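Enquirer: Next comes the structure file start-v7.txt, holding compact mmCIF, C-alpha atoms.
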```
# COMPACT_ATOMS: atom_id res chain seq x y z
CA MET Y 1 76.43 89.67 -60.44
CA ASN Y 2 73.22 87.97 -61.57
CA ASN Y 3 71.64 86.06 -58.71
CA GLU Y 4 68.63 84.92 -60.72
CA ILE Y 5 67.81 81.30 -59.94
CA VAL Y 6 64.63 80.78 -62.00
CA ARG Y 7 63.50 82.47 -65.20
CA LEU Y 8 60.35 81.82 -67.19
CA SER Y 9 59.88 83.58 -70.54
CA ASP Y 10 56.50 83.50 -72.30
CA VAL Y 11 55.70 80.04 -70.91
CA LYS Y 12 52.51 78.36 -72.09
CA LYS Y 13 51.01 75.05 -71.02
CA VAL Y 14 48.12 73.81 -73.10
CA TYR Y 15 46.08 70.68 -72.42
CA ARG Y 16 44.19 69.25 -75.38
CA THR Y 17 41.10 67.07 -75.20
CA GLY Y 18 39.96 66.29 -78.70
CA ASP Y 19 39.50 69.67 -80.40
CA ILE Y 20 39.33 71.55 -77.10
CA GLU Y 21 42.39 73.46 -75.87
CA THR Y 22 42.71 74.55 -72.25
CA TYR Y 23 45.44 77.04 -71.38
CA ALA Y 24 46.74 76.19 -67.89
CA LEU Y 25 49.41 78.86 -68.45
CA ASN Y 26 49.00 81.56 -71.06
CA GLY Y 27 52.41 83.10 -71.70
CA ILE Y 28 53.82 83.91 -68.24
CA SER Y 29 57.22 85.54 -67.71
CA LEU Y 30 58.86 85.56 -64.30
CA SER Y 31 62.25 85.84 -62.57
CA ILE Y 32 63.04 84.54 -59.08
CA HIS Y 33 66.26 85.50 -57.32
CA LYS Y 34 68.33 83.54 -54.81
CA GLY Y 35 67.07 83.74 -51.25
CA GLU Y 36 63.55 84.88 -52.17
CA PHE Y 37 60.54 83.73 -50.15
CA SER Y 38 57.89 84.00 -52.84
CA ALA Y 39 54.34 82.78 -53.32
CA LEU Y 40 52.39 82.04 -56.48
CA CYS Y 41 48.88 82.92 -55.35
CA GLY Y 42 45.43 82.45 -56.78
CA PRO Y 43 42.30 80.32 -56.76
CA SER Y 44 42.12 76.73 -57.98
CA GLY Y 45 42.65 76.65 -61.74
CA SER Y 46 44.76 79.81 -61.79
CA GLY Y 47 47.87 77.93 -62.98
CA LYS Y 48 50.03 78.22 -59.87
CA THR Y 49 50.61 74.48 -59.35
CA THR Y 50 51.23 74.01 -63.08
CA ALA Y 51 53.90 76.72 -62.91
CA LEU Y 52 55.52 75.08 -59.90
CA ASN Y 53 55.55 71.67 -61.62
CA LEU Y 54 57.20 73.19 -64.70
CA ILE Y 55 59.88 74.92 -62.61
CA GLY Y 56 60.55 71.61 -60.85
CA ALA Y 57 60.82 69.81 -64.21
CA LEU Y 58 57.96 67.50 -63.20
CA ASP Y 59 56.15 68.56 -66.38
CA THR Y 60 57.13 70.18 -69.68
CA PRO Y 61 55.80 73.44 -71.17
CA THR Y 62 53.99 73.57 -74.49
CA SER Y 63 56.15 76.55 -75.44
CA GLY Y 64 58.41 79.16 -73.89
CA LEU Y 65 61.71 79.11 -72.00
CA ILE Y 66 62.35 77.86 -68.45
CA GLU Y 67 65.80 78.26 -66.92
CA VAL Y 68 66.93 76.99 -63.53
CA GLU Y 69 70.35 78.23 -62.38
CA GLY Y 70 70.95 79.51 -65.91
CA LYS Y 71 70.24 76.17 -67.59
CA ASN Y 72 67.49 75.74 -70.16
CA ILE Y 73 65.69 72.68 -68.82
CA ALA Y 74 64.21 71.88 -72.24
CA GLU Y 75 67.73 71.14 -73.47
CA MET Y 76 68.61 68.84 -70.58
CA SER Y 77 68.58 65.05 -70.91
CA ARG Y 78 66.29 62.95 -68.75
CA GLY Y 79 69.29 61.94 -66.64
CA ASP Y 80 70.41 65.55 -66.18
CA LEU Y 81 66.86 66.53 -65.16
CA SER Y 82 66.79 63.72 -62.60
CA ARG Y 83 70.13 64.84 -61.20
CA MET Y 84 68.95 68.45 -61.04
CA ARG Y 85 65.82 67.45 -59.12
CA MET Y 86 67.90 65.27 -56.80
CA ASN Y 87 70.71 67.74 -56.13
CA ARG Y 88 69.39 71.24 -56.71
CA ILE Y 89 65.62 71.21 -56.07
CA GLY Y 90 63.67 70.21 -52.97
CA ILE Y 91 59.92 69.65 -53.34
CA VAL Y 92 57.30 69.75 -50.58
CA PHE Y 93 54.09 68.15 -51.82
CA GLN Y 94 50.60 68.94 -50.56
CA ALA Y 95 49.99 65.24 -49.85
CA TYR Y 96 53.42 64.79 -48.12
CA ASN Y 97 54.43 61.87 -50.43
CA LEU Y 98 56.42 60.11 -47.72
CA ILE Y 99 57.37 56.48 -48.31
CA PRO Y 100 55.06 54.48 -45.98
CA VAL Y 101 57.50 51.66 -45.15
CA LEU Y 102 60.33 54.02 -44.19
CA THR Y 103 60.76 55.80 -40.86
CA ALA Y 104 60.87 59.58 -40.56
CA PHE Y 105 64.67 59.32 -40.43
CA GLU Y 106 64.81 57.10 -43.54
CA ASN Y 107 62.43 59.34 -45.47
CA ALA Y 108 64.54 62.39 -44.68
CA GLU Y 109 67.71 60.45 -45.49
CA PHE Y 110 66.49 59.11 -48.85
CA VAL Y 111 67.90 61.86 -51.09
CA LEU Y 112 71.30 61.68 -49.37
CA VAL Y 113 71.40 57.91 -50.00
CA LEU Y 114 70.72 58.54 -53.69
CA GLN Y 115 73.48 61.15 -53.70
CA GLY Y 116 75.91 58.58 -52.30
CA MET Y 117 76.76 60.45 -49.12
CA PRO Y 118 78.70 58.34 -46.55
CA GLU Y 119 76.55 56.89 -43.75
CA LYS Y 120 78.15 58.80 -40.85
CA GLU Y 121 77.77 62.14 -42.62
CA ARG Y 122 74.20 61.25 -43.62
CA ARG Y 123 73.23 60.44 -40.06
CA GLU Y 124 74.65 63.70 -38.73
CA LYS Y 125 72.89 65.79 -41.40
CA VAL Y 126 69.54 64.01 -41.03
CA MET Y 127 69.48 64.19 -37.24
CA ALA Y 128 70.45 67.88 -37.39
CA ILE Y 129 67.59 68.71 -39.77
CA LEU Y 130 65.08 66.57 -37.85
CA GLU Y 131 66.11 68.48 -34.73
CA GLU Y 132 65.62 71.74 -36.61
CA VAL Y 133 62.08 70.77 -37.70
CA GLY Y 134 61.19 69.44 -34.25
CA MET Y 135 61.02 65.76 -35.24
CA ALA Y 136 64.23 64.29 -33.78
CA ASP Y 137 62.34 62.41 -31.05
CA MET Y 138 60.11 60.77 -33.69
CA ALA Y 139 62.89 59.74 -36.05
CA ASN Y 140 61.99 56.04 -35.81
CA ARG Y 141 58.27 56.43 -36.47
CA ARG Y 142 56.68 55.57 -39.79
CA PRO Y 143 54.31 58.01 -41.54
CA SER Y 144 51.22 56.11 -40.32
CA GLN Y 145 52.34 56.84 -36.73
CA LEU Y 146 52.57 60.60 -37.36
CA SER Y 147 49.97 63.36 -37.56
CA GLY Y 148 49.53 65.35 -40.77
CA GLY Y 149 51.58 68.22 -39.40
CA GLN Y 150 54.36 65.88 -38.30
CA GLN Y 151 54.41 64.22 -41.73
CA GLN Y 152 54.70 67.63 -43.37
CA ARG Y 153 57.63 68.49 -41.07
CA VAL Y 154 59.37 65.31 -42.22
CA ALA Y 155 58.56 66.22 -45.83
CA ILE Y 156 60.15 69.63 -45.30
CA ALA Y 157 63.20 67.99 -43.70
CA ARG Y 158 63.52 65.69 -46.72
CA ALA Y 159 63.25 68.67 -49.08
CA VAL Y 160 65.94 70.76 -47.37
CA VAL Y 161 68.39 68.18 -45.93
CA SER Y 162 70.62 68.18 -49.01
CA GLU Y 163 70.67 72.00 -48.99
CA PRO Y 164 69.18 72.41 -52.47
CA ALA Y 165 69.34 75.74 -54.26
CA LEU Y 166 65.57 75.88 -54.65
CA ILE Y 167 62.63 74.60 -52.58
CA LEU Y 168 59.19 74.33 -54.19
CA ALA Y 169 56.25 73.97 -51.81
CA ASP Y 170 52.86 73.12 -53.29
CA GLU Y 171 50.07 74.15 -50.88
CA PRO Y 172 52.18 73.04 -47.87
CA THR Y 173 49.56 74.15 -45.32
CA ALA Y 174 46.49 72.72 -47.08
CA ASN Y 175 46.11 69.55 -45.04
CA VAL Y 176 47.01 70.78 -41.56
CA ASP Y 177 45.24 72.79 -38.85
CA SER Y 178 45.86 76.51 -38.23
CA LYS Y 179 48.31 76.07 -35.36
CA THR Y 180 50.38 73.54 -37.33
CA ALA Y 181 50.27 75.72 -40.44
CA GLU Y 182 51.65 78.64 -38.46
CA SER Y 183 54.49 76.56 -37.01
CA LEU Y 184 55.37 75.16 -40.47
CA LEU Y 185 55.56 78.67 -41.89
CA VAL Y 186 57.78 79.82 -39.01
CA LEU Y 187 60.00 76.81 -39.71
CA MET Y 188 60.26 77.56 -43.44
CA GLU Y 189 60.99 81.25 -42.73
CA HIS Y 190 63.77 80.11 -40.40
CA LEU Y 191 65.24 77.85 -43.09
CA ASN Y 192 65.01 80.66 -45.63
CA HIS Y 193 66.79 83.04 -43.25
CA GLU Y 194 69.41 80.67 -41.82
CA HIS Y 195 70.31 78.78 -45.01
CA ASN Y 196 69.38 81.45 -47.58
CA SER Y 197 67.16 78.78 -49.16
CA THR Y 198 65.01 80.04 -52.04
CA PHE Y 199 61.36 79.16 -51.52
CA ILE Y 200 58.55 79.31 -54.06
CA PHE Y 201 55.10 78.40 -52.74
CA SER Y 202 51.88 77.78 -54.60
CA THR Y 203 49.01 78.73 -52.33
CA HIS Y 204 45.64 80.33 -51.80
CA ASP Y 205 46.17 80.32 -48.01
CA SER Y 206 46.14 83.84 -46.55
CA ARG Y 207 48.56 82.71 -43.81
CA VAL Y 208 51.21 81.88 -46.40
CA MET Y 209 50.50 85.08 -48.29
CA GLU Y 210 50.94 87.15 -45.12
CA ARG Y 211 54.43 85.73 -44.57
CA ALA Y 212 55.70 85.68 -48.16
CA HIS Y 213 58.06 88.49 -49.13
CA ARG Y 214 56.76 88.54 -52.69
CA LEU Y 215 53.26 87.79 -53.95
CA ILE Y 216 52.80 86.74 -57.57
CA MET Y 217 49.05 86.80 -58.15
CA MET Y 218 47.70 84.49 -60.86
CA ARG Y 219 44.35 84.15 -62.55
CA ASP Y 220 43.30 82.06 -65.56
CA GLY Y 221 46.87 81.07 -66.36
CA GLU Y 222 48.27 84.60 -66.29
CA ILE Y 223 50.18 86.75 -63.80
CA VAL Y 224 47.91 89.66 -62.91
CA GLU Y 225 50.03 91.26 -60.16
CA ASP Y 226 53.57 90.89 -58.83
CA LYS Y 227 54.44 92.78 -55.67
CA ARG Y 228 57.09 92.74 -52.96
CA VAL Y 229 55.84 93.01 -49.41
CA GLU Y 230 59.06 93.02 -47.38
```
Output the file's structure as structure tokens, nothing else.
Expert:
Amino acid sequence: MNNEIVRLSDVKKVYRTGDIETYALNGISLSIHKGEFSALCGPSGSGKTTALNLIGALDTPTSGLIEVEGKNIAEMSRGDLSRMRMNRIGIVFQAYNLIPVLTAFENAEFVLVLQGMPEKERREKVMAILEEVGMADMANRRPSQLSGGQQQRVAIARAVVSEPALILADEPTANVDSKTAESLLVLMEHLNHEHNSTFIFSTHDSRVMERAHRLIMMRDGEIVEDKRVE
């Protein structure tokens, strides 16, 4: 049985400015399997965030094949892509991207509202995940009333509450202190273990790299090493 959840085949992403071409990705091929806790690693400009954005269908490749759960995302309509991002992919952004006017509870609940889940079921799921990420007692606070680490916990809750098949985390520890970063990583490891959630990080943080079970090293838009460290 094939448990591959993501596949990239010879994917290129080229940005053009006048006559100048810049290869953000230069023909990468990669498979990610269900339940993996993987990290795309490398310095700024290595292509790791570009790769994550392409997997999450937030951007489109210049050429090559990207499949998520066996579906070629280039062949999907805009509506199908939106539904895939809403139902199958959770994204944790470096800058949190919480909605300022909504409480922690409402931010975490947002995807479930879009999915049309009944209110009672929504409330139970959101409070359960906020409890799991240690934010249940701050459910009624808005982002401006939360620290960076607390906002990132809410962002993680929002990403995982609908139990998506795939969670993409772009530099999730970049804007928090060391102690908070460690607790966030413990939390995401727990979610990976308890829910068999597939995580793909983009990072140059050694703390993330130490906890990842697979390190995909990138440089200048290419994969230069791919190793399992379990």
Enquirer: Using all atoms listed in the file, which protein or nucleic acid residues come within 10 Å of region 130-136 of chain Y? Drop anything in the same chain fewer than 3 positions from it, and give the result as a PyMOL selection string.
Expert: chain Y and resi 104-105+108+125-127+139-141+150-158+161+183-184+187-188+190-191
Enquirer: Pick out the closest residue to Gln115 (chain Y) from this set: Y:Ile73, Y:Thr173, Y:Ser82, Y:Thr50. Count only C-alpha atoms.
Expert: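 Among the listed residues, the smallest separation from Gln115 (chain Y) belongs to Y:Ser82.
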Enquirer: Could you check which of Y:Arg207, Y:Lys179, Y:Lys12, Y:Lys34 is closest to His193 (chain Y), using all atoms listed in the file?
Expert: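 Selected residue with least distance to His193 (chain Y): Y:Lys34.
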Enquirer: What separation in Å, quoted to one decimal, exists between CA of Ser178 (chain Y) and CA of Asp220 (chain Y)?
Expert: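 Here the two named atoms are 28.0 Å from each other.
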Enquirer: Identify, on the basis of only C-alpha atoms, every residue whose closest approach to Gly116 (chain Y) does not exceed 12 Å; exclude the query and any residue fewer than 5 positions from it along the same chain; express the result as a VMD selection string.
Expert: chain Y and resid 86 to 87 109 to 111 121 to 122 162
Enquirer: Around all the atoms of region 138-155 of chain Y listed in the file, with 4 Å of room on each side, what axis-aligned box do you get, giving centre and edge lengths in Å to one decimal, as lines of an AutoDock Vina configuration file?
Expert:
```
center_x = 56.2
center_y = 62.0
center_z = -39.8
size_x = 21.4
size_y = 20.9
size_z = 20.1
```
Enquirer: Would you mind listing what lies within 7 Å of Arg142 (chain Y) as a list in words, with all atoms listed in the file counted and same-chain residues fewer than 4 positions away left out?
Expert: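 Skipping anything fewer than 4 positions along the chain leaves Pro100, Val101, Leu102, Thr103, Ala104 and Leu146 of chain Y.
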